[in-house]
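The structure under discussion appears below in the form of structure tokens.
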Number of protein chains: 2
Amino acid sequence: MSNEMDFYFDFSSPYGYLASERIDALGAKYGRKVNWHPILLGAVFKQTGMAPLTEVPIKGDYAKMDFSRTARMLKIPFAMPTVFPIGSVAPARVMLWIASRNPEAAKAYARVAYRAFFVDGFNIGEPATAAALAAGLGHDRTAAQAAIDDPQYKAALKMEVEQAIGRGVFGSPFFIVDNEPFWGCDRLAMLEEWLKTGGW
Amino acid sequence: MSNEMDFYFDFSSPYGYLASERIDALGAKYGRKVNWHPILLGAVFKQTGMAPLTEVPIKGDYAKMDFSRTARMLKIPFAMPTVFPIGSVAPARVMLWIASRNPEAAKAYARVAYRAFFVDGFNIGEPATAAALAAGLGHDRTAAQAAIDDPQYKAALKMEVEQAIGRGVFGSPFFIVDNEPFWGCDRLAMLEEWLKTGGW
């Protein structure tokens, strides 16, 4: 049994953001290193025919209410961005650029980018914004922005998406531990039970 | 604040069945009477454009695995029926026929019908089966089966579905407490937190 687990998320996913604020603490509690994988839900949805959550009639309205309600319950700061959803290619590629040298620094970037979007309302889908957030963490701003159009990080993101689809990932957040899949921020309790007991 | 809460479910819904095995105990714990409402997801899905869960590629496979996993976690007997999904008009109308005289007896019928389907694999969508289950609880079998085609109970079920749609119900199980909606068996913990605290 590996002592790692995988966390898949789209930077435009509110429930992905909420999970990102809890998953490392959960992993640490049970001795699991968490590998963070940025993906693109647009590509994933092509596999399932699913639509973006907030665009589904009725269910979308419930979801928008529930993002805030869940955040309040978990005591995580949250403000629904006015520009939503966004394309998340830019922060995903910047993250993979940072990850190519330092995976832990990439996680720090992901947290900062998620908060910039879901707390402060910045459109992190804009390349300049995605790069500025990297600069705020001490990375080179010009190199960060260049990475967004670099074939190497385009390919890296494509590979993340393809590997996620290959493992059955169909939403965000999505967790895989010992090949057991868990979908949704509301499954963190079940995931914890699984980590605690080793499964049932 | 009402001391009641509403529970909406489709007899063909595995997560609805799992919730049905827990919701009355949860209500009792917080002094809430639970009103059970059979609905038809087919009609509800027309409002949202959603597809039956198990028919969605990839997500459907996950769901089939997760029905059993969730049941094992909750220690509720469960066996995926070989005939699935089914039309649930027959048990829904039999339930409403019983409810017209005795709401508590209607709940008992719903529990028996759900278990017949999700434990013993009977096709409860068949009128004869739906009526036989009522007979097993002491109701008149012929009258139960006649209720399925009775305009009164057709109208009663149509009204349940329309009222559910009017309240924003888009899935099964769905709970409404003090106008606060909760969707999904995996939200029972959040629903309990809401009942305990009065909301946040």
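In the structure tokens, each chain is lettered A, B, ... as it comes, each chain's residues begin at 1, and ligands are numbered from 1 in order of appearance.
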Looking only at the backbone, which of the residues in region 33-190 of chain A does DSSP tag as alpha helix (DSSP H), as a compact mmCIF listing (two decimals) with N, CA, C and O atoms, in the first residue's frame?
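Here's the written file states_26.txt:
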```txt
# COMPACT_ATOMS: atom_id res chain seq x y z
N LEU A 41 -11.78 20.56 -16.16
CA LEU A 41 -13.08 19.88 -16.16
C LEU A 41 -13.72 19.87 -17.55
O LEU A 41 -14.45 18.94 -17.87
N GLY A 42 -13.45 20.89 -18.35
CA GLY A 42 -14.03 20.93 -19.69
C GLY A 42 -13.69 19.68 -20.48
O GLY A 42 -14.55 19.07 -21.11
N ALA A 43 -12.42 19.27 -20.41
CA ALA A 43 -11.99 18.07 -21.12
C ALA A 43 -12.60 16.82 -20.48
O ALA A 43 -13.00 15.88 -21.18
N VAL A 44 -12.69 16.82 -19.16
CA VAL A 44 -13.24 15.67 -18.45
C VAL A 44 -14.73 15.52 -18.77
O VAL A 44 -15.23 14.40 -19.01
N PHE A 45 -15.44 16.64 -18.81
CA PHE A 45 -16.89 16.58 -19.07
C PHE A 45 -17.20 16.03 -20.46
O PHE A 45 -18.27 15.48 -20.68
N LYS A 46 -16.25 16.18 -21.39
CA LYS A 46 -16.49 15.61 -22.74
C LYS A 46 -16.63 14.10 -22.67
O LYS A 46 -17.28 13.50 -23.52
N GLN A 47 -16.00 13.49 -21.66
CA GLN A 47 -16.07 12.03 -21.52
C GLN A 47 -17.44 11.57 -21.01
O GLN A 47 -17.89 10.48 -21.30
N THR A 48 -18.05 12.42 -20.20
CA THR A 48 -19.28 12.00 -19.52
C THR A 48 -20.53 12.67 -20.08
O THR A 48 -21.64 12.23 -19.80
N LYS A 59 -30.54 22.81 -10.24
CA LYS A 59 -29.39 22.27 -9.51
C LYS A 59 -28.27 23.31 -9.40
O LYS A 59 -27.58 23.39 -8.39
N GLY A 60 -28.11 24.11 -10.45
CA GLY A 60 -27.09 25.15 -10.43
C GLY A 60 -27.35 26.19 -9.35
O GLY A 60 -26.43 26.64 -8.66
N ASP A 61 -28.62 26.56 -9.17
CA ASP A 61 -28.97 27.54 -8.13
C ASP A 61 -28.71 26.95 -6.74
O ASP A 61 -28.21 27.64 -5.84
N TYR A 62 -29.06 25.68 -6.59
CA TYR A 62 -28.77 25.00 -5.32
C TYR A 62 -27.27 25.00 -5.06
O TYR A 62 -26.82 25.30 -3.95
N ALA A 63 -26.50 24.69 -6.09
CA ALA A 63 -25.05 24.61 -5.93
C ALA A 63 -24.48 25.94 -5.48
O ALA A 63 -23.66 26.00 -4.56
N LYS A 64 -24.94 27.03 -6.12
CA LYS A 64 -24.40 28.34 -5.75
C LYS A 64 -24.70 28.66 -4.28
O LYS A 64 -23.86 29.22 -3.57
N MET A 65 -25.89 28.29 -3.83
CA MET A 65 -26.22 28.46 -2.42
C MET A 65 -25.34 27.56 -1.56
O MET A 65 -24.83 27.96 -0.51
N ASP A 66 -25.14 26.34 -2.04
CA ASP A 66 -24.43 25.35 -1.22
C ASP A 66 -22.92 25.62 -1.12
O ASP A 66 -22.30 25.25 -0.12
N PHE A 67 -22.33 26.24 -2.12
CA PHE A 67 -20.90 26.59 -2.02
C PHE A 67 -20.68 27.41 -0.73
O PHE A 67 -19.81 27.11 0.08
N SER A 68 -21.49 28.47 -0.60
CA SER A 68 -21.34 29.36 0.56
C SER A 68 -21.69 28.66 1.86
O SER A 68 -21.01 28.82 2.88
N ARG A 69 -22.77 27.88 1.82
CA ARG A 69 -23.21 27.19 3.02
C ARG A 69 -22.14 26.21 3.50
O ARG A 69 -21.85 26.11 4.70
N THR A 70 -21.56 25.46 2.54
CA THR A 70 -20.51 24.49 2.90
C THR A 70 -19.28 25.21 3.44
O THR A 70 -18.67 24.78 4.43
N ALA A 71 -18.93 26.32 2.80
CA ALA A 71 -17.76 27.09 3.27
C ALA A 71 -17.98 27.59 4.69
O ALA A 71 -17.08 27.50 5.54
N ARG A 72 -19.19 28.08 4.98
CA ARG A 72 -19.47 28.56 6.34
C ARG A 72 -19.39 27.42 7.34
O ARG A 72 -18.85 27.56 8.43
N MET A 73 -19.93 26.26 6.96
CA MET A 73 -19.88 25.12 7.86
C MET A 73 -18.43 24.72 8.15
O MET A 73 -18.09 24.40 9.29
N LEU A 74 -17.60 24.75 7.12
CA LEU A 74 -16.21 24.34 7.28
C LEU A 74 -15.33 25.48 7.80
O LEU A 74 -14.14 25.29 8.03
N VAL A 89 -6.70 27.13 -17.56
CA VAL A 89 -5.45 26.68 -18.18
C VAL A 89 -4.24 27.43 -17.59
O VAL A 89 -3.21 26.81 -17.28
N ALA A 90 -4.37 28.75 -17.45
CA ALA A 90 -3.21 29.55 -17.03
C ALA A 90 -2.68 29.15 -15.64
O ALA A 90 -1.49 28.80 -15.52
N PRO A 91 -3.51 29.16 -14.60
CA PRO A 91 -2.96 28.77 -13.30
C PRO A 91 -2.51 27.31 -13.27
O PRO A 91 -1.54 26.96 -12.58
N ALA A 92 -3.20 26.45 -14.03
CA ALA A 92 -2.80 25.03 -14.05
C ALA A 92 -1.40 24.88 -14.63
O ALA A 92 -0.56 24.14 -14.08
N ARG A 93 -1.14 25.59 -15.71
CA ARG A 93 0.20 25.45 -16.32
C ARG A 93 1.27 26.12 -15.47
O ARG A 93 2.40 25.61 -15.35
N VAL A 94 0.95 27.25 -14.84
CA VAL A 94 1.93 27.89 -13.94
C VAL A 94 2.24 26.93 -12.79
O VAL A 94 3.40 26.75 -12.41
N MET A 95 1.20 26.29 -12.27
CA MET A 95 1.42 25.34 -11.18
C MET A 95 2.35 24.20 -11.62
O MET A 95 3.26 23.82 -10.88
N LEU A 96 2.12 23.69 -12.82
CA LEU A 96 2.95 22.57 -13.29
C LEU A 96 4.39 23.02 -13.57
O LEU A 96 5.33 22.26 -13.39
N TRP A 97 4.53 24.27 -13.98
CA TRP A 97 5.87 24.84 -14.18
C TRP A 97 6.61 24.89 -12.82
O TRP A 97 7.75 24.46 -12.72
N ILE A 98 5.93 25.35 -11.79
CA ILE A 98 6.54 25.38 -10.46
C ILE A 98 6.79 23.95 -9.97
O ILE A 98 7.86 23.63 -9.43
N ALA A 99 5.82 23.07 -10.21
CA ALA A 99 5.93 21.68 -9.73
C ALA A 99 7.12 20.96 -10.36
O ALA A 99 7.70 20.06 -9.74
N PRO A 103 7.54 20.47 -6.04
CA PRO A 103 6.12 20.11 -5.85
C PRO A 103 5.47 20.81 -4.66
O PRO A 103 4.30 21.20 -4.74
N GLU A 104 6.19 20.99 -3.56
CA GLU A 104 5.58 21.65 -2.40
C GLU A 104 5.30 23.13 -2.70
O GLU A 104 4.27 23.67 -2.30
N ALA A 105 6.20 23.76 -3.43
CA ALA A 105 5.99 25.16 -3.83
C ALA A 105 4.78 25.25 -4.76
O ALA A 105 4.05 26.24 -4.75
N ALA A 106 4.58 24.22 -5.56
CA ALA A 106 3.43 24.21 -6.46
C ALA A 106 2.12 24.16 -5.68
O ALA A 106 1.13 24.80 -6.04
N LYS A 107 2.11 23.41 -4.60
CA LYS A 107 0.91 23.36 -3.75
C LYS A 107 0.65 24.73 -3.15
O LYS A 107 -0.50 25.19 -3.06
N ALA A 108 1.72 25.38 -2.70
CA ALA A 108 1.56 26.72 -2.11
C ALA A 108 0.97 27.66 -3.15
O ALA A 108 0.09 28.48 -2.84
N TYR A 109 1.43 27.54 -4.38
CA TYR A 109 0.88 28.37 -5.46
C TYR A 109 -0.60 28.07 -5.66
O TYR A 109 -1.42 28.98 -5.81
N ALA A 110 -0.95 26.80 -5.68
CA ALA A 110 -2.35 26.42 -5.90
C ALA A 110 -3.24 27.03 -4.82
O ALA A 110 -4.32 27.55 -5.09
N ARG A 111 -2.78 26.97 -3.57
CA ARG A 111 -3.57 27.54 -2.48
C ARG A 111 -3.76 29.05 -2.66
O ARG A 111 -4.86 29.58 -2.48
N VAL A 112 -2.66 29.71 -3.00
CA VAL A 112 -2.72 31.17 -3.19
C VAL A 112 -3.64 31.52 -4.37
O VAL A 112 -4.45 32.45 -4.29
N ALA A 113 -3.55 30.76 -5.45
CA ALA A 113 -4.38 31.04 -6.62
C ALA A 113 -5.85 30.80 -6.30
O ALA A 113 -6.73 31.60 -6.65
N TYR A 114 -6.13 29.69 -5.63
CA TYR A 114 -7.51 29.39 -5.25
C TYR A 114 -8.09 30.50 -4.36
O TYR A 114 -9.23 30.95 -4.56
N ARG A 115 -7.33 30.95 -3.39
CA ARG A 115 -7.83 32.01 -2.50
C ARG A 115 -7.99 33.33 -3.26
O ARG A 115 -8.93 34.08 -3.00
N ALA A 116 -7.07 33.59 -4.19
CA ALA A 116 -7.19 34.83 -4.97
C ALA A 116 -8.51 34.83 -5.74
O ALA A 116 -9.16 35.87 -5.87
N PHE A 117 -8.91 33.67 -6.21
CA PHE A 117 -10.16 33.57 -6.97
C PHE A 117 -11.38 33.53 -6.05
O PHE A 117 -12.33 34.30 -6.21
N PHE A 118 -11.37 32.63 -5.08
CA PHE A 118 -12.59 32.37 -4.30
C PHE A 118 -12.70 33.17 -3.00
O PHE A 118 -13.67 33.02 -2.27
N PRO A 127 -3.73 35.16 -17.88
CA PRO A 127 -2.30 34.80 -17.75
C PRO A 127 -1.52 35.79 -16.87
O PRO A 127 -0.71 35.35 -16.04
N ALA A 128 -1.77 37.08 -17.03
CA ALA A 128 -1.01 38.06 -16.24
C ALA A 128 -1.27 37.89 -14.75
O ALA A 128 -0.36 38.02 -13.92
N THR A 129 -2.52 37.58 -14.41
CA THR A 129 -2.87 37.39 -13.00
C THR A 129 -2.25 36.10 -12.46
O THR A 129 -1.69 36.07 -11.35
N ALA A 130 -2.37 35.04 -13.26
CA ALA A 130 -1.78 33.75 -12.85
C ALA A 130 -0.28 33.90 -12.61
O ALA A 130 0.27 33.31 -11.67
N ALA A 131 0.37 34.70 -13.45
CA ALA A 131 1.82 34.91 -13.30
C ALA A 131 2.12 35.82 -12.12
O ALA A 131 3.09 35.58 -11.37
N ALA A 132 1.30 36.84 -11.92
CA ALA A 132 1.54 37.77 -10.80
C ALA A 132 1.46 37.04 -9.46
O ALA A 132 2.22 37.35 -8.53
N LEU A 133 0.54 36.08 -9.36
CA LEU A 133 0.41 35.32 -8.12
C LEU A 133 1.66 34.49 -7.86
O LEU A 133 2.09 34.33 -6.71
N ALA A 134 2.26 33.98 -8.94
CA ALA A 134 3.53 33.25 -8.80
C ALA A 134 4.63 34.20 -8.34
O ALA A 134 5.44 33.87 -7.47
N ALA A 135 4.63 35.39 -8.92
CA ALA A 135 5.64 36.39 -8.54
C ALA A 135 5.53 36.73 -7.06
O ALA A 135 6.55 36.91 -6.37
N GLY A 136 4.30 36.79 -6.57
CA GLY A 136 4.08 37.09 -5.16
C GLY A 136 4.69 36.04 -4.24
O GLY A 136 4.94 36.29 -3.06
N ARG A 141 8.27 36.37 -12.57
CA ARG A 141 6.98 36.67 -13.19
C ARG A 141 7.01 36.41 -14.71
O ARG A 141 6.08 35.81 -15.25
N THR A 142 8.06 36.83 -15.36
CA THR A 142 8.14 36.68 -16.81
C THR A 142 8.22 35.20 -17.20
O THR A 142 7.54 34.74 -18.12
N ALA A 143 9.01 34.47 -16.46
CA ALA A 143 9.13 33.03 -16.73
C ALA A 143 7.81 32.31 -16.45
O ALA A 143 7.41 31.40 -17.19
N ALA A 144 7.11 32.74 -15.40
CA ALA A 144 5.82 32.12 -15.07
C ALA A 144 4.83 32.34 -16.21
O ALA A 144 4.15 31.40 -16.66
N GLN A 145 4.79 33.57 -16.70
CA GLN A 145 3.83 33.85 -17.77
C GLN A 145 4.23 33.12 -19.05
O GLN A 145 3.37 32.63 -19.80
N ALA A 146 5.52 33.03 -19.30
CA ALA A 146 5.99 32.32 -20.50
C ALA A 146 5.63 30.84 -20.44
O ALA A 146 5.35 30.20 -21.46
N ALA A 147 5.61 30.29 -19.22
CA ALA A 147 5.32 28.85 -19.06
C ALA A 147 3.91 28.51 -19.57
O ALA A 147 3.65 27.39 -20.03
N ILE A 148 3.02 29.49 -19.51
CA ILE A 148 1.63 29.24 -19.92
C ILE A 148 1.54 28.87 -21.40
O ILE A 148 0.68 28.09 -21.80
N PRO A 151 5.29 24.78 -24.79
CA PRO A 151 4.82 23.43 -25.16
C PRO A 151 5.06 22.38 -24.07
O PRO A 151 4.27 21.45 -23.92
N GLN A 152 6.11 22.59 -23.28
CA GLN A 152 6.41 21.61 -22.22
C GLN A 152 5.29 21.56 -21.18
O GLN A 152 4.89 20.47 -20.74
N TYR A 153 4.77 22.73 -20.79
CA TYR A 153 3.74 22.74 -19.75
C TYR A 153 2.34 22.55 -20.33
O TYR A 153 1.44 22.08 -19.64
N LYS A 154 2.21 22.88 -21.63
CA LYS A 154 0.97 22.48 -22.31
C LYS A 154 0.87 20.96 -22.30
O LYS A 154 -0.18 20.38 -22.00
N ALA A 155 1.97 20.30 -22.64
CA ALA A 155 1.99 18.84 -22.68
C ALA A 155 1.80 18.24 -21.28
O ALA A 155 1.12 17.23 -21.11
N ALA A 156 2.42 18.90 -20.29
CA ALA A 156 2.31 18.39 -18.91
C ALA A 156 0.85 18.43 -18.44
O ALA A 156 0.36 17.49 -17.81
N LEU A 157 0.15 19.51 -18.77
CA LEU A 157 -1.25 19.62 -18.35
C LEU A 157 -2.12 18.63 -19.11
O LEU A 157 -3.01 17.98 -18.52
N LYS A 158 -1.83 18.49 -20.40
CA LYS A 158 -2.59 17.51 -21.19
C LYS A 158 -2.42 16.11 -20.60
O LYS A 158 -3.37 15.33 -20.51
N MET A 159 -1.19 15.81 -20.16
CA MET A 159 -0.94 14.49 -19.58
C MET A 159 -1.68 14.32 -18.26
O MET A 159 -2.25 13.26 -17.98
N GLU A 160 -1.70 15.37 -17.44
CA GLU A 160 -2.46 15.29 -16.17
C GLU A 160 -3.93 14.98 -16.47
O GLU A 160 -4.54 14.14 -15.80
N VAL A 161 -4.49 15.68 -17.46
CA VAL A 161 -5.90 15.48 -17.78
C VAL A 161 -6.13 14.06 -18.30
O VAL A 161 -7.08 13.38 -17.88
N GLU A 162 -5.26 13.62 -19.18
CA GLU A 162 -5.44 12.28 -19.76
C GLU A 162 -5.27 11.18 -18.71
O GLU A 162 -6.01 10.19 -18.70
N GLN A 163 -4.31 11.38 -17.82
CA GLN A 163 -4.12 10.38 -16.76
C GLN A 163 -5.32 10.37 -15.81
O GLN A 163 -5.76 9.30 -15.37
N ALA A 164 -5.85 11.56 -15.54
CA ALA A 164 -7.03 11.63 -14.66
C ALA A 164 -8.20 10.90 -15.31
O ALA A 164 -8.87 10.07 -14.66
N ILE A 165 -8.44 11.17 -16.57
CA ILE A 165 -9.54 10.50 -17.28
C ILE A 165 -9.31 8.98 -17.28
O ILE A 165 -10.23 8.20 -17.05
N GLY A 166 -8.06 8.61 -17.48
CA GLY A 166 -7.71 7.18 -17.48
C GLY A 166 -7.99 6.51 -16.15
O GLY A 166 -8.24 5.30 -16.08
N LEU A 188 -15.35 14.08 2.08
CA LEU A 188 -14.14 14.12 2.91
C LEU A 188 -14.30 13.25 4.15
O LEU A 188 -13.36 12.60 4.59
N ALA A 189 -15.53 13.20 4.70
CA ALA A 189 -15.75 12.39 5.90
C ALA A 189 -15.61 10.90 5.57
O ALA A 189 -15.03 10.13 6.33
N MET A 190 -16.16 10.50 4.40
CA MET A 190 -16.03 9.10 3.99
C MET A 190 -14.56 8.76 3.70
O MET A 190 -14.06 7.70 4.06
```
With only C-alpha atoms counted and 7 Å as the cut-off, give the residues of chain A in contact with chain B, each with its shortest interatomic distance in Å and the pair that gives it, as CSV.
```
residue,atom,partner,partner_atom,distance
A:Thr48,CA,B:Pro57,CA,4.9
A:Val56,CA,B:Thr48,CA,6.1
A:Pro57,CA,B:Thr48,CA,4.9
A:Ile58,CA,B:Gly168,CA,6.3
A:Lys59,CA,B:Phe170,CA,6.3
A:Gly168,CA,B:Ile58,CA,6.3
A:Phe170,CA,B:Lys59,CA,6.3
A:Asp186,CA,B:Asp186,CA,6.8
```
Those same residues, written as a compact mmCIF listing (two decimals), in the first residue's frame with C-alpha atoms?
```
# COMPACT_ATOMS: atom_id res chain seq x y z
CA THR A 48 -19.28 12.00 -19.52
CA VAL A 56 -27.63 23.09 -14.84
CA PRO A 57 -31.12 24.54 -14.26
CA ILE A 58 -32.34 24.41 -10.62
CA LYS A 59 -29.39 22.27 -9.51
CA GLY A 168 -11.95 7.47 -13.94
CA PHE A 170 -15.08 12.78 -13.70
CA ASP A 186 -18.87 16.26 0.73
```
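Using only C-alpha atoms, the smallest distance between any of A:Ile39, A:Leu137, A:Ala79, A:Leu195 and Ser12 (chain A) comes from A:Ile39.
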Which residues are close to Pro85 (chain B), i.e. within 10 Å by only C-alpha atoms, leaving aside same-chain residues fewer than 5 positions away? Reply as a ChimeraX atom specification. /B:11-14,52-55,123,125
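When CA of Met5 (chain A) is paired with CA of Val34 (chain A), their separation reads 5.0 Å.
When only C-alpha atoms are used to compute distances to Ser172 (chain B), the closest of the residues B:Leu40, B:Arg32, B:Gly198, B:Glu4 turns out to be B:Leu40.
Counting from CA of Phe84 (chain B), the distance to CA of Gly121 (chain B) is 9.6 Å.
Going from CA of Pro173 (chain A) to CA of Gly16 (chain A) covers 4.5 Å.
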Residue list (strand (DSSP E or B), DSSP) for region 58-193 of chain A, as JSON, numbers by chain: {"A": [174, 175, 176, 177, 180, 181, 182, 183]}
